[in-house]
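Contents: one structure, followed by commentary.
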Amino acid sequence: MKVLVVNQHEVPALLPMEECIDVMADALKAMTQGEAVMPLRGMSGMPERSGLLAWMPSMLPASDVMGIKVISVFPNEGTELESHQGAVLLFEAKRGQLLAVVDASEITAIRTAAVSGLATRLLARPDADDLAILGSGTQAGTHLESMMAVRPVRRVRVWSRDAAHAKSFAETQSAQRGIAVEVTASAMAAVDGASIVCTTTSASQPVLEGRWLAPGAHVNAVGFAGPTGRELDAEAVARGRLFADRRESIQNEAGDFLLAKQEGAVGDDHVAGEIGEVLLGKVEGRTSPDQITIFESLGLAIEDLAAVNHVYRRAQETGKGAWVELGGERH
């Protein structure tokens with residue numbers, strides 16, 4: 001049997017950001033409506049804690065597809081390698097045939113930012129135009145793209161613990177996006193007065209303090225996915241109307257929320273709802289112009305599955321990717 005293989009460089013053309021935002025909306029609505037099957041992700045850490053292996057299975061029975069993302073997560077700072085590496089396997093759900101193997105690094109980069117773009121479209125003020133990005137890696141770049149897709153961004157500030165990397169990021173993105181990206185000396189300076197804040201760092205200790213947030217700001221908390229670390233301090237979480245990609249995930253995996261809860265700043269009822277619930281009109285999003293809203297992004301397997309299914313269909317239409325013989329036939 002032939003299987004489609006799509007490499008890292010081919011994915012962006014098959015999964016444009018604006019298309020991916022709409023694909024993510026459909027996936028999150030399906031999940032909220034109970035039309036998706038998705039266990040919590042599994043992880044196994046290396047003994048010396050240098051990295052981990054993670055696996056994320058999911059199914060969309062209505063679309064007759066199922067899949068799993070398997071990735072390694074290693075810091076890889078100062079190297080040519082991404083921190084997230086691996087593949088997403090797409091299967092059809094009638095006979096279990098493997099359809100595609102797609103690079104996971106680019107899928108993760110695009111779909112994560114697309115979900116933040118969706119959350120921003122739903123929760124940020126319509127006139128939000130002042131963007132702060134904490135972090136200067138891959139997710140910082142895709143988040144700049146997604147924020148510009150959903151709001152009329154006129155100002156961009158970036159801060160990173162690595163000042164040289166922040167400078168390089170600002171120069172590259174300014175040229176690529178046609179907007180001046182300013183480098184700030186501190187996270188506080190980046191966030192000051194911002195109406196949209198994206199935290200895209202690998203930090204396990206807070207880089208965003210609640211006292212810095214301007215009234216009416218929207219925050220996409222993206223970087224740390226795990227119960228033991230966080231990018232937001234307890235005051236930031238407590239000040240915001242908090243939304244999740246999935247309640248079960250935020251209550252089990254989100255250090256931003258769990259540590260604030262452990263410190264007594266919030267309770268379980270602080271989670272206002274899921275993005276899918278907002279899309280379906282089951283939960284109200286922003287309730288006032290001065291309200292701070294927060295989207296806690298954990299990243300869901302159903303997002304990877306929907307993204308790869310879209311890539312598979314687009315590849316068939318455009319002839320991109322490579323078809324290889326892999327097997328699966330009865331002897």
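Just so we're on the same page: first chain in the structure tokens is A, next is B, and so on; residues restart at 1 for each chain, and ligands are numbered from 1 in the order they show up.
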
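Residues lying within 8 Å of stretch 60-72 of chain A, counting only C-alpha atoms and ignoring same-chain neighbours fewer than 3 positions away, are Glu35, Ala36, Val37, Gly51, Leu52, Leu53, Ala54, Trp55, Met56, Pro57, Ser83, His84, Gln85, Gly86, Ala87, Val88, Leu89, Leu90, Phe91, Glu92, Ala93, Lys94, Ala104, Ala301, Ile302, Asp304, Leu305 and Asn309 of chain A.
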
Just to be explicit: take each residue in the selection above, keep C-alpha atoms, and write the result as a compact mmCIF listing (two decimals), in the first residue's frame.
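Dumped to out-v1.txt:
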# COMPACT_ATOMS: atom_id res chain seq x y z
CA GLU A 35 -17.69 13.94 18.30
CA ALA A 36 -14.01 13.25 19.00
CA VAL A 37 -12.15 10.54 20.92
CA GLY A 51 14.04 15.42 27.33
CA LEU A 52 10.97 13.29 26.86
CA LEU A 53 8.96 11.22 24.42
CA ALA A 54 5.26 12.07 24.09
CA TRP A 55 2.40 10.40 22.23
CA MET A 56 -1.00 11.91 21.47
CA PRO A 57 -3.73 9.68 19.95
CA SER A 83 12.67 21.40 20.37
CA HIS A 84 9.71 19.30 19.10
CA GLN A 85 10.56 16.61 16.55
CA GLY A 86 8.59 13.66 15.27
CA ALA A 87 5.71 12.68 13.02
CA VAL A 88 1.94 12.52 12.87
CA LEU A 89 0.46 9.31 11.50
CA LEU A 90 -2.93 9.55 9.77
CA PHE A 91 -5.10 6.44 9.43
CA GLU A 92 -8.50 5.94 7.83
CA ALA A 93 -10.98 4.58 10.35
CA LYS A 94 -12.89 2.01 8.28
CA ALA A 104 5.24 17.00 13.37
CA ALA A 301 -4.15 15.58 19.65
CA ILE A 302 -7.42 16.38 17.89
CA ASP A 304 -2.93 17.57 15.08
CA LEU A 305 -5.35 15.07 13.55
CA ASN A 309 -6.21 15.44 7.59

Compile a residue-level contact table for stretch 157-244 of chain A against stretch 123-139 of chain A at a cut-off of 9 Å, reporting for every qualifying residue the shortest atom pair and its distance in Å to one decimal, with only C-alpha atoms counted, rows ordered by chain and ascending number, as CSV.
residue,atom,partner,partner_atom,distance
A:Arg157,CA,A:Ala132,CA,4.9
A:Val158,CA,A:Ile133,CA,4.8
A:Trp159,CA,A:Leu134,CA,5.0
A:Ser160,CA,A:Gly135,CA,4.7
A:Arg161,CA,A:Gly135,CA,7.5
A:Asp162,CA,A:Ser136,CA,8.3
A:His165,CA,A:Ser136,CA,6.6
A:Ala166,CA,A:Ser136,CA,5.5
A:Lys167,CA,A:Ser136,CA,8.9
A:Ser168,CA,A:Ser136,CA,8.7
A:Phe169,CA,A:Ser136,CA,6.1
A:Ala170,CA,A:Ser136,CA,8.4
A:Ala187,CA,A:Leu134,CA,6.6
A:Ala190,CA,A:Ala132,CA,5.5
A:Val191,CA,A:Ala132,CA,5.5
A:Asp192,CA,A:Ala132,CA,8.5
A:Gly193,CA,A:Asp130,CA,7.7
A:Ala194,CA,A:Asp130,CA,4.9
A:Ser195,CA,A:Asp130,CA,5.2
A:Ile196,CA,A:Leu131,CA,4.8
A:Val197,CA,A:Ala132,CA,4.7
A:Cys198,CA,A:Ile133,CA,4.9
A:Thr199,CA,A:Leu134,CA,4.8
A:Thr200,CA,A:Gly135,CA,5.1
A:Thr201,CA,A:Gly135,CA,4.6
A:Ser202,CA,A:Gly135,CA,8.0
A:Val207,CA,A:Leu134,CA,7.9
A:Leu208,CA,A:Leu134,CA,8.4
A:Gly216,CA,A:Arg125,CA,7.1
A:Ala217,CA,A:Ala124,CA,7.1
A:His218,CA,A:Ala124,CA,5.3
A:Val219,CA,A:Ala124,CA,8.5
A:Val222,CA,A:Gln139,CA,8.5
A:Gly223,CA,A:Gln139,CA,8.2

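Near A:Val23, within a cut-off of 10 Å and counting only C-alpha atoms, sit the residues Leu15, Met17, Glu18, Glu19, Cys20, Ile21, Ala25, Asp26, Ala27, Leu28, Arg111, Ala114, Val115, Leu118, Glu303, Ala306, Ala307, Asn309 and His310 of chain A, with same-chain residues fewer than 2 positions away left out.
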
For the selection you just gave me, I'd like the residues written to a file as a compact mmCIF listing (two decimals), in the first residue's frame, keeping N, CA and C atoms.
# COMPACT_ATOMS: atom_id res chain seq x y z
N LEU A 15 -0.91 24.00 4.63
CA LEU A 15 -1.64 24.37 5.84
C LEU A 15 -1.44 25.87 6.11
N MET A 17 -1.95 29.58 7.44
CA MET A 17 -2.42 29.95 8.78
C MET A 17 -3.91 30.24 8.83
N GLU A 18 -4.41 31.03 7.89
CA GLU A 18 -5.83 31.40 7.96
C GLU A 18 -6.72 30.17 7.75
N GLU A 19 -6.32 29.27 6.87
CA GLU A 19 -7.07 28.03 6.69
C GLU A 19 -7.01 27.19 7.96
N CYS A 20 -5.84 27.15 8.57
CA CYS A 20 -5.67 26.32 9.77
C CYS A 20 -6.53 26.85 10.92
N ILE A 21 -6.68 28.15 11.04
CA ILE A 21 -7.53 28.70 12.09
C ILE A 21 -8.95 28.17 11.95
N ALA A 25 -11.11 25.60 14.44
CA ALA A 25 -12.45 25.91 14.94
C ALA A 25 -13.36 24.70 14.78
N ASP A 26 -13.32 24.06 13.63
CA ASP A 26 -14.16 22.87 13.40
C ASP A 26 -13.76 21.74 14.35
N ALA A 27 -12.47 21.56 14.56
CA ALA A 27 -12.00 20.48 15.43
C ALA A 27 -12.43 20.69 16.87
N LEU A 28 -12.31 21.93 17.37
CA LEU A 28 -12.67 22.20 18.76
C LEU A 28 -14.18 22.16 18.98
N ARG A 111 -0.36 24.72 13.92
CA ARG A 111 -1.67 24.52 14.56
C ARG A 111 -1.73 25.14 15.95
N ALA A 114 -2.36 28.70 15.36
CA ALA A 114 -3.71 28.86 14.79
C ALA A 114 -4.77 28.81 15.88
N VAL A 115 -4.60 27.93 16.86
CA VAL A 115 -5.56 27.87 17.96
C VAL A 115 -5.51 29.16 18.78
N LEU A 118 -7.37 31.66 16.86
CA LEU A 118 -8.81 31.45 17.04
C LEU A 118 -9.27 32.03 18.37
N GLU A 303 -6.27 18.49 17.44
CA GLU A 303 -5.80 19.57 16.58
C GLU A 303 -4.80 19.05 15.56
N ALA A 306 -6.78 16.93 12.91
CA ALA A 306 -7.52 17.76 11.97
C ALA A 306 -6.56 18.46 11.00
N ALA A 307 -5.43 18.93 11.51
CA ALA A 307 -4.46 19.61 10.66
C ALA A 307 -3.87 18.66 9.62
N ASN A 309 -5.17 15.83 8.54
CA ASN A 309 -6.21 15.44 7.59
C ASN A 309 -6.37 16.50 6.50
N HIS A 310 -6.29 17.77 6.90
CA HIS A 310 -6.35 18.87 5.93
C HIS A 310 -5.14 18.83 5.00

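As for atom CA of A:Ile107 and atom CA of A:Gly327, they are spaced 24.8 Å apart.
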
For this session: Apply DSSP to the structure's backbone, then extract all residues of stretch 22-130 of chain A labelled strand (DSSP E or B) and return them as a PyMOL selection string.
Result: chain A and resi 37+42-45+52-60+65-73+84-92+98-103+130

Mind writing the picked residues with C-alpha atoms as a PDB file, in the first residue's frame?
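Output below, filename part_31.pdb:
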ATOM      1  CA  VAL A  37     -12.153  10.539  20.920  1.00  0.00           C
ATOM      2  CA  GLY A  42       1.249  10.057  27.398  1.00  0.00           C
ATOM      3  CA  MET A  43       4.802  11.068  28.256  1.00  0.00           C
ATOM      4  CA  SER A  44       7.981   9.291  29.245  1.00  0.00           C
ATOM      5  CA  GLY A  45      10.946  11.326  30.468  1.00  0.00           C
ATOM      6  CA  LEU A  52      10.968  13.288  26.861  1.00  0.00           C
ATOM      7  CA  LEU A  53       8.961  11.220  24.416  1.00  0.00           C
ATOM      8  CA  ALA A  54       5.265  12.071  24.086  1.00  0.00           C
ATOM      9  CA  TRP A  55       2.400  10.400  22.226  1.00  0.00           C
ATOM     10  CA  MET A  56      -0.995  11.906  21.472  1.00  0.00           C
ATOM     11  CA  PRO A  57      -3.728   9.683  19.945  1.00  0.00           C
ATOM     12  CA  SER A  58      -7.140  10.840  18.720  1.00  0.00           C
ATOM     13  CA  MET A  59     -10.069   9.899  16.491  1.00  0.00           C
ATOM     14  CA  LEU A  60     -12.666  11.818  14.477  1.00  0.00           C
ATOM     15  CA  VAL A  65      -9.927   9.307  10.412  1.00  0.00           C
ATOM     16  CA  MET A  66      -7.758   8.548  13.412  1.00  0.00           C
ATOM     17  CA  GLY A  67      -4.151   9.280  14.199  1.00  0.00           C
ATOM     18  CA  ILE A  68      -1.328   9.720  16.632  1.00  0.00           C
ATOM     19  CA  LYS A  69       1.445  12.254  17.031  1.00  0.00           C
ATOM     20  CA  VAL A  70       4.715  10.953  18.437  1.00  0.00           C
ATOM     21  CA  ILE A  71       7.319  13.553  19.293  1.00  0.00           C
ATOM     22  CA  SER A  72      10.508  14.034  21.235  1.00  0.00           C
ATOM     23  CA  VAL A  73      10.781  17.221  23.281  1.00  0.00           C
ATOM     24  CA  HIS A  84       9.708  19.299  19.100  1.00  0.00           C
ATOM     25  CA  GLN A  85      10.556  16.610  16.548  1.00  0.00           C
ATOM     26  CA  GLY A  86       8.593  13.656  15.265  1.00  0.00           C
ATOM     27  CA  ALA A  87       5.712  12.684  13.022  1.00  0.00           C
ATOM     28  CA  VAL A  88       1.941  12.525  12.866  1.00  0.00           C
ATOM     29  CA  LEU A  89       0.458   9.307  11.498  1.00  0.00           C
ATOM     30  CA  LEU A  90      -2.926   9.553   9.769  1.00  0.00           C
ATOM     31  CA  PHE A  91      -5.098   6.439   9.431  1.00  0.00           C
ATOM     32  CA  GLU A  92      -8.499   5.940   7.825  1.00  0.00           C
ATOM     33  CA  LEU A  98      -2.215   4.153   7.184  1.00  0.00           C
ATOM     34  CA  LEU A  99      -2.694   7.127   4.874  1.00  0.00           C
ATOM     35  CA  ALA A 100       0.079   9.599   5.672  1.00  0.00           C
ATOM     36  CA  VAL A 101       3.202  10.357   7.681  1.00  0.00           C
ATOM     37  CA  VAL A 102       3.628  14.102   8.185  1.00  0.00           C
ATOM     38  CA  ASP A 103       6.412  16.096   9.870  1.00  0.00           C
ATOM     39  CA  ASP A 130      -0.644  46.303  20.404  1.00  0.00           C
TER      40      ASP A 130
END

In Å and to one decimal, atom CA of A:Gly299 is distant from atom CA of A:Asp245 by 7.5 Å

Exercise for review: Write out as number ranges by chain the residues lying within 10 Å of A:Thr293, counting only C-alpha atoms and excluding same-chain residues fewer than 2 positions away.
Suggested key: A: 119-120, 123-125, 196, 215-220, 236-237, 239-243, 272, 285-288, 290-291, 295-296

Generate a file of the selected residues that holds N, CA and C atoms, formatted as a PDB file, in the first residue's frame.
ATOM      1  N   ALA A 119      -8.531  31.736  19.456  1.00  0.00           N
ATOM      2  CA  ALA A 119      -8.881  32.261  20.773  1.00  0.00           C
ATOM      3  C   ALA A 119      -8.850  33.788  20.777  1.00  0.00           C
ATOM      4  N   THR A 120      -7.874  34.364  20.097  1.00  0.00           N
ATOM      5  CA  THR A 120      -7.762  35.824  20.030  1.00  0.00           C
ATOM      6  C   THR A 120      -8.928  36.410  19.249  1.00  0.00           C
ATOM      7  N   LEU A 123     -11.826  36.245  21.775  1.00  0.00           N
ATOM      8  CA  LEU A 123     -11.739  36.818  23.113  1.00  0.00           C
ATOM      9  C   LEU A 123     -11.125  38.207  23.188  1.00  0.00           C
ATOM     10  N   ALA A 124     -10.216  38.542  22.285  1.00  0.00           N
ATOM     11  CA  ALA A 124      -9.569  39.857  22.354  1.00  0.00           C
ATOM     12  C   ALA A 124     -10.542  40.952  21.922  1.00  0.00           C
ATOM     13  N   ARG A 125     -10.304  42.169  22.400  1.00  0.00           N
ATOM     14  CA  ARG A 125     -11.119  43.291  21.957  1.00  0.00           C
ATOM     15  C   ARG A 125     -10.981  43.456  20.439  1.00  0.00           C
ATOM     16  N   ILE A 196      -2.652  42.556  23.431  1.00  0.00           N
ATOM     17  CA  ILE A 196      -2.514  41.109  23.208  1.00  0.00           C
ATOM     18  C   ILE A 196      -1.130  40.701  23.690  1.00  0.00           C
ATOM     19  N   PRO A 215      -5.696  46.812  31.559  1.00  0.00           N
ATOM     20  CA  PRO A 215      -7.117  46.474  31.476  1.00  0.00           C
ATOM     21  C   PRO A 215      -7.513  46.144  30.036  1.00  0.00           C
ATOM     22  N   GLY A 216      -8.279  45.089  29.857  1.00  0.00           N
ATOM     23  CA  GLY A 216      -8.742  44.707  28.532  1.00  0.00           C
ATOM     24  C   GLY A 216      -7.788  43.855  27.724  1.00  0.00           C
ATOM     25  N   ALA A 217      -6.636  43.502  28.308  1.00  0.00           N
ATOM     26  CA  ALA A 217      -5.656  42.696  27.573  1.00  0.00           C
ATOM     27  C   ALA A 217      -6.156  41.263  27.381  1.00  0.00           C
ATOM     28  N   HIS A 218      -5.705  40.650  26.312  1.00  0.00           N
ATOM     29  CA  HIS A 218      -5.925  39.217  26.096  1.00  0.00           C
ATOM     30  C   HIS A 218      -4.573  38.521  26.093  1.00  0.00           C
ATOM     31  N   VAL A 219      -4.478  37.381  26.801  1.00  0.00           N
ATOM     32  CA  VAL A 219      -3.225  36.631  26.922  1.00  0.00           C
ATOM     33  C   VAL A 219      -3.397  35.242  26.320  1.00  0.00           C
ATOM     34  N   ASN A 220      -2.462  34.854  25.462  1.00  0.00           N
ATOM     35  CA  ASN A 220      -2.345  33.471  25.004  1.00  0.00           C
ATOM     36  C   ASN A 220      -1.144  32.853  25.719  1.00  0.00           C
ATOM     37  N   ALA A 236      -1.628  36.848  37.627  1.00  0.00           N
ATOM     38  CA  ALA A 236      -2.069  36.938  36.232  1.00  0.00           C
ATOM     39  C   ALA A 236      -3.252  36.018  35.980  1.00  0.00           C
ATOM     40  N   VAL A 237      -3.143  34.780  36.460  1.00  0.00           N
ATOM     41  CA  VAL A 237      -4.240  33.816  36.274  1.00  0.00           C
ATOM     42  C   VAL A 237      -5.498  34.301  36.984  1.00  0.00           C
ATOM     43  N   ARG A 239      -6.408  37.329  37.727  1.00  0.00           N
ATOM     44  CA  ARG A 239      -6.989  38.547  37.145  1.00  0.00           C
ATOM     45  C   ARG A 239      -7.792  38.267  35.885  1.00  0.00           C
ATOM     46  N   GLY A 240      -7.529  37.147  35.224  1.00  0.00           N
ATOM     47  CA  GLY A 240      -8.129  36.918  33.918  1.00  0.00           C
ATOM     48  C   GLY A 240      -9.341  36.001  33.924  1.00  0.00           C
ATOM     49  N   ARG A 241     -10.220  36.207  32.947  1.00  0.00           N
ATOM     50  CA  ARG A 241     -11.286  35.243  32.650  1.00  0.00           C
ATOM     51  C   ARG A 241     -10.634  34.139  31.828  1.00  0.00           C
ATOM     52  N   LEU A 242     -10.580  32.934  32.379  1.00  0.00           N
ATOM     53  CA  LEU A 242      -9.701  31.870  31.883  1.00  0.00           C
ATOM     54  C   LEU A 242     -10.448  30.876  31.003  1.00  0.00           C
ATOM     55  N   PHE A 243      -9.872  30.605  29.838  1.00  0.00           N
ATOM     56  CA  PHE A 243     -10.444  29.658  28.887  1.00  0.00           C
ATOM     57  C   PHE A 243      -9.416  28.583  28.546  1.00  0.00           C
ATOM     58  N   ALA A 272     -13.542  29.430  32.903  1.00  0.00           N
ATOM     59  CA  ALA A 272     -14.838  29.892  32.391  1.00  0.00           C
ATOM     60  C   ALA A 272     -15.418  28.942  31.358  1.00  0.00           C
ATOM     61  N   GLY A 285     -17.825  34.655  25.979  1.00  0.00           N
ATOM     62  CA  GLY A 285     -16.398  34.959  25.975  1.00  0.00           C
ATOM     63  C   GLY A 285     -16.111  36.193  26.806  1.00  0.00           C
ATOM     64  N   ARG A 286     -15.557  37.207  26.193  1.00  0.00           N
ATOM     65  CA  ARG A 286     -15.295  38.473  26.885  1.00  0.00           C
ATOM     66  C   ARG A 286     -16.621  39.106  27.279  1.00  0.00           C
ATOM     67  N   THR A 287     -16.701  39.606  28.509  1.00  0.00           N
ATOM     68  CA  THR A 287     -17.950  40.194  28.992  1.00  0.00           C
ATOM     69  C   THR A 287     -17.882  41.702  29.185  1.00  0.00           C
ATOM     70  N   SER A 288     -16.671  42.298  29.044  1.00  0.00           N
ATOM     71  CA  SER A 288     -16.546  43.751  29.130  1.00  0.00           C
ATOM     72  C   SER A 288     -15.251  44.193  28.474  1.00  0.00           C
ATOM     73  N   ASP A 290     -12.896  46.130  29.508  1.00  0.00           N
ATOM     74  CA  ASP A 290     -11.743  46.195  30.408  1.00  0.00           C
ATOM     75  C   ASP A 290     -11.359  44.848  31.005  1.00  0.00           C
ATOM     76  N   GLN A 291     -12.133  43.818  30.703  1.00  0.00           N
ATOM     77  CA  GLN A 291     -11.844  42.494  31.260  1.00  0.00           C
ATOM     78  C   GLN A 291     -10.565  41.915  30.654  1.00  0.00           C
ATOM     79  N   PHE A 295      -6.230  32.648  27.420  1.00  0.00           N
ATOM     80  CA  PHE A 295      -6.385  31.340  26.807  1.00  0.00           C
ATOM     81  C   PHE A 295      -5.199  30.481  27.198  1.00  0.00           C
ATOM     82  N   GLU A 296      -5.457  29.384  27.895  1.00  0.00           N
ATOM     83  CA  GLU A 296      -4.409  28.449  28.304  1.00  0.00           C
ATOM     84  C   GLU A 296      -4.305  27.354  27.240  1.00  0.00           C
TER      85      GLU A 296
END

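Proximity of A:Val5, A:Lys29, A:Ile110, A:Gly281 to A:Tyr312, computed with only C-alpha atoms, is greatest for A:Val5.
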
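Atom to atom, atom CA of A:Ala315 and atom CA of A:Ala30 stand 23.5 Å apart.
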
Report task. Enumerate as a ChimeraX atom specification all residues of stretch 3-235 of chain A assigned to helix (DSSP H, G or I) by DSSP on the backbone, naming them with the chain letters and numbers the document uses. Result -> /A:11-14,17-32,61-63,104-123,138-150,163-177,187-191,210-212,234-235

| Neighbour list for A:Asp233 as a PyMOL selection string, cut-off 12 Å, only C-alpha atoms, skip fewer than 6 positions in-chain | chain A and resi 203-213+221+239-240+255-263+265-266
